>>> print(open('target-v8.cif').read())   # mmCIF, C-alpha atoms
data_structure
#
loop_
_atom_site.group_PDB
_atom_site.id
_atom_site.type_symbol
_atom_site.label_atom_id
_atom_site.label_comp_id
_atom_site.auth_asym_id
_atom_site.auth_seq_id
_atom_site.Cartn_x
_atom_site.Cartn_y
_atom_site.Cartn_z
ATOM 1 C CA MET A 1 -50.328 1.269 68.276
ATOM 2 C CA SER A 2 -48.128 -1.113 66.307
ATOM 3 C CA THR A 3 -44.370 -0.917 66.542
ATOM 4 C CA GLU A 4 -42.810 -2.043 63.313
ATOM 5 C CA ILE A 5 -39.077 -2.594 63.166
ATOM 6 C CA ARG A 6 -37.680 -1.635 59.788
ATOM 7 C CA THR A 7 -34.297 -2.790 58.639
ATOM 8 C CA ALA A 8 -32.039 -1.086 56.164
ATOM 9 C CA ASN A 9 -29.948 -2.665 53.459
ATOM 10 C CA VAL A 10 -26.674 -1.069 52.464
ATOM 11 C CA ILE A 11 -25.510 -1.363 48.868
ATOM 12 C CA ALA A 12 -22.043 -0.001 48.121
ATOM 13 C CA ILE A 13 -20.807 0.428 44.572
ATOM 14 C CA GLY A 14 -17.135 1.156 44.145
ATOM 15 C CA ASN A 15 -14.172 0.752 41.860
ATOM 16 C CA GLN A 16 -10.923 2.675 41.992
ATOM 17 C CA LYS A 17 -10.832 3.054 38.218
ATOM 18 C CA GLY A 18 -12.724 5.956 36.735
ATOM 19 C CA GLY A 19 -15.258 5.659 33.946
ATOM 20 C CA THR A 20 -16.663 2.292 34.993
ATOM 21 C CA GLY A 21 -20.257 3.466 35.505
ATOM 22 C CA LYS A 22 -20.353 3.655 39.312
ATOM 23 C CA SER A 23 -22.409 6.841 39.449
ATOM 24 C CA THR A 24 -24.742 5.778 36.641
ATOM 25 C CA VAL A 25 -25.418 2.392 38.229
ATOM 26 C CA SER A 26 -25.919 4.003 41.662
ATOM 27 C CA VAL A 27 -28.427 6.595 40.430
ATOM 28 C CA HIS A 28 -30.361 4.126 38.290
ATOM 29 C CA LEU A 29 -30.470 1.517 41.057
ATOM 30 C CA ALA A 30 -31.708 4.094 43.580
ATOM 31 C CA ALA A 31 -34.361 5.354 41.135
ATOM 32 C CA ALA A 32 -35.526 1.802 40.346
ATOM 33 C CA LEU A 33 -35.780 0.925 44.040
ATOM 34 C CA GLY A 34 -37.647 4.189 44.646
ATOM 35 C CA LEU A 35 -40.159 3.304 41.932
ATOM 36 C CA MET A 36 -40.660 -0.051 43.686
ATOM 37 C CA GLY A 37 -41.693 1.783 46.867
ATOM 38 C CA GLN A 38 -38.349 1.591 48.653
ATOM 39 C CA ARG A 39 -36.614 4.562 50.272
ATOM 40 C CA CYS A 40 -33.032 5.162 49.123
ATOM 41 C CA LEU A 41 -30.393 7.497 50.485
ATOM 42 C CA LEU A 42 -27.714 7.970 47.850
ATOM 43 C CA ILE A 43 -24.444 9.223 49.357
ATOM 44 C CA ASP A 44 -22.094 10.584 46.689
ATOM 45 C CA LEU A 45 -18.495 10.058 47.850
ATOM 46 C CA ASP A 46 -16.858 10.968 44.543
ATOM 47 C CA PRO A 47 -15.127 14.377 44.197
ATOM 48 C CA VAL A 48 -16.136 14.315 40.509
ATOM 49 C CA CYS A 49 -19.758 14.523 41.788
ATOM 50 C CA GLY A 50 -21.133 12.166 39.141
ATOM 51 C CA ALA A 51 -24.233 11.030 41.043
ATOM 52 C CA THR A 52 -24.854 14.565 42.335
ATOM 53 C CA ARG A 53 -24.786 16.050 38.832
ATOM 54 C CA HIS A 54 -26.702 13.107 37.356
ATOM 55 C CA LEU A 55 -29.568 13.985 39.719
ATOM 56 C CA GLY A 56 -29.508 17.619 38.579
ATOM 57 C CA VAL A 57 -27.813 19.132 41.631
ATOM 58 C CA GLN A 58 -25.018 21.625 41.052
ATOM 59 C CA ALA A 59 -21.856 20.455 42.793
ATOM 60 C CA ASN A 60 -21.370 23.510 45.037
ATOM 61 C CA ASP A 61 -25.003 24.313 45.830
ATOM 62 C CA PHE A 62 -25.119 22.270 49.038
ATOM 63 C CA ALA A 63 -22.907 21.096 51.848
ATOM 64 C CA GLY A 64 -22.575 17.361 51.584
ATOM 65 C CA THR A 65 -20.274 14.429 52.085
ATOM 66 C CA LEU A 66 -17.155 16.497 52.866
ATOM 67 C CA GLU A 67 -18.931 18.304 55.682
ATOM 68 C CA LEU A 68 -20.642 15.106 56.787
ATOM 69 C CA LEU A 69 -17.283 13.400 57.204
ATOM 70 C CA THR A 70 -15.531 16.365 58.863
ATOM 71 C CA SER A 71 -18.162 17.674 61.271
ATOM 72 C CA ASP A 72 -20.231 16.456 64.183
ATOM 73 C CA GLU A 73 -23.531 17.539 62.645
ATOM 74 C CA PRO A 74 -26.227 14.891 62.091
ATOM 75 C CA PHE A 75 -26.459 13.500 58.570
ATOM 76 C CA GLU A 76 -30.129 14.527 58.187
ATOM 77 C CA GLY A 77 -29.040 18.146 57.713
ATOM 78 C CA TYR A 78 -27.175 17.269 54.521
ATOM 79 C CA ILE A 79 -29.971 15.410 52.762
ATOM 80 C CA VAL A 80 -31.386 16.905 49.564
ATOM 81 C CA SER A 81 -34.924 15.693 48.827
ATOM 82 C CA LYS A 82 -36.372 18.399 46.613
ATOM 83 C CA ASP A 83 -36.643 17.489 42.910
ATOM 84 C CA MET A 84 -35.318 13.953 43.489
ATOM 85 C CA PRO A 85 -36.928 10.859 41.938
ATOM 86 C CA PRO A 86 -39.666 9.253 44.072
ATOM 87 C CA GLY A 87 -38.207 7.551 47.133
ATOM 88 C CA VAL A 88 -34.681 8.897 46.542
ATOM 89 C CA ASP A 89 -32.774 11.290 48.782
ATOM 90 C CA LEU A 90 -29.221 12.492 48.163
ATOM 91 C CA ILE A 91 -26.267 13.597 50.220
ATOM 92 C CA PRO A 92 -24.361 15.418 47.471
ATOM 93 C CA SER A 93 -20.654 15.583 46.816
ATOM 94 C CA ARG A 94 -18.489 18.585 46.024
ATOM 95 C CA PRO A 95 -15.098 18.773 44.289
ATOM 96 C CA GLN A 96 -13.593 19.860 47.622
ATOM 97 C CA LEU A 97 -14.097 16.272 48.829
ATOM 98 C CA SER A 98 -10.685 15.639 47.272
ATOM 99 C CA GLU A 99 -9.277 17.712 50.197
ATOM 100 C CA LEU A 100 -10.416 15.076 52.697
ATOM 101 C CA ASP A 101 -7.106 13.223 52.741
ATOM 102 C CA SER A 102 -5.112 16.372 53.565
ATOM 103 C CA ARG A 103 -7.669 17.445 56.198
ATOM 104 C CA LEU A 104 -7.485 14.077 57.913
ATOM 105 C CA SER A 105 -3.677 14.109 57.761
ATOM 106 C CA ALA A 106 -3.601 17.561 59.357
ATOM 107 C CA LEU A 107 -6.006 16.403 62.043
ATOM 108 C CA ALA A 108 -3.772 13.431 62.841
ATOM 109 C CA VAL A 109 -0.714 15.714 63.139
ATOM 110 C CA ARG A 110 -2.248 18.454 65.317
ATOM 111 C CA GLY A 111 -4.613 16.258 67.314
ATOM 112 C CA PRO A 112 -8.397 16.090 67.513
ATOM 113 C CA HIS A 113 -8.841 19.033 69.912
ATOM 114 C CA ALA A 114 -7.025 21.741 67.953
ATOM 115 C CA PRO A 115 -9.177 24.286 66.099
ATOM 116 C CA ALA A 116 -9.899 23.160 62.564
ATOM 117 C CA GLY A 117 -10.367 26.554 60.961
ATOM 118 C CA PRO A 118 -13.380 27.716 58.911
ATOM 119 C CA ARG A 119 -15.990 25.124 57.978
ATOM 120 C CA HIS A 120 -18.382 25.056 55.050
ATOM 121 C CA ARG A 121 -16.208 27.487 53.134
ATOM 122 C CA GLY A 122 -17.657 28.297 49.724
ATOM 123 C CA CYS A 123 -20.856 26.373 50.285
ATOM 124 C CA SER A 124 -24.351 27.547 51.112
ATOM 125 C CA ARG A 125 -25.991 24.864 53.209
ATOM 126 C CA ARG A 126 -29.499 24.721 51.719
ATOM 127 C CA VAL A 127 -31.880 21.906 52.436
#
>>> encode(input="target-v8.cif", output="structure tokens")
Amino acid sequence: MSTEIRTANVIAIGNQKGGTGKSTVSVHLAAALGLMGQRCLLIDLDPVCGATRHLGVQANDFAGTLELLTSDEPFEGYIVSKDMPPGVDLIPSRPQLSELDSRLSALAVRGPHAPAGPRHRGCSRRV
């Protein structure tokens, strides 16, 4: 039995200004790498959900990056693979990701061990 060590490359595409093509470039790059036989996990961190919508996923159909960043659950549970281009998986975004700043501020004020309230509100976690 052969043990092959696989390494991962991380490519981050960002710009604070809107309308610069971040989501388009990200989706097209992931699809091109997938067609070349690579595996790509696209993580949409934009509350506008550009990459999520570009891949045909409705913004509130799945739990995604907001829950990933605010829970202790493993990231594999947030991956959407169905109907994605070959070799591409997605952790989708939702508009509620814009609430992240206020959630983190509240956590800093009340401390990490205080109850956080309801999670996954308004989202059916389908995978």
>>> atom_distance(input="target-v8.cif", atom1="CA of Leu33 (chain A)", atom2="CA of Pro92 (chain A)")
18.8 Å
>>> resolve_selection(input="target-v8.cif", expression="the PyMOL selection byres ((chain A and resi 99) around 12)", output="list in words")
Asp46, Pro47, Thr65, Leu66, Glu67, Leu69, Thr70, Arg94, Pro95, Gln96, Leu97, Ser98, Leu100, Asp101, Ser102, Arg103, Leu104, Ser105 and Ala106 of chain A
>>> resolve_selection(input="target-v8.cif", expression="the PyMOL selection byres ((chain A and resi 79) around 8)", output="VMD selection string")
chain A and resid 64 75 to 78 80 to 81 89 to 92 127
>>> closest_residue(input="target-v8.cif", among="A:Gln38, A:Ser71, A:Ser93, A:Ser26", to="Gln58 (chain A)", atoms="only C-alpha atoms")
A:Ser93
>>> resolve_selection(input="target-v8.cif", expression="the PyMOL selection byres ((chain A and resi 39) around 12)", output="PyMOL selection string")
chain A and resi 6-10+29-38+40-42+81+84-90
>>> atom_distance(input="target-v8.cif", atom1="CA of Leu68 (chain A)", atom2="CA of Ile5 (chain A)")
26.3 Å
>>> atom_distance(input="target-v8.cif", atom1="CA of Cys49 (chain A)", atom2="CA of Lys22 (chain A)")
11.2 Å
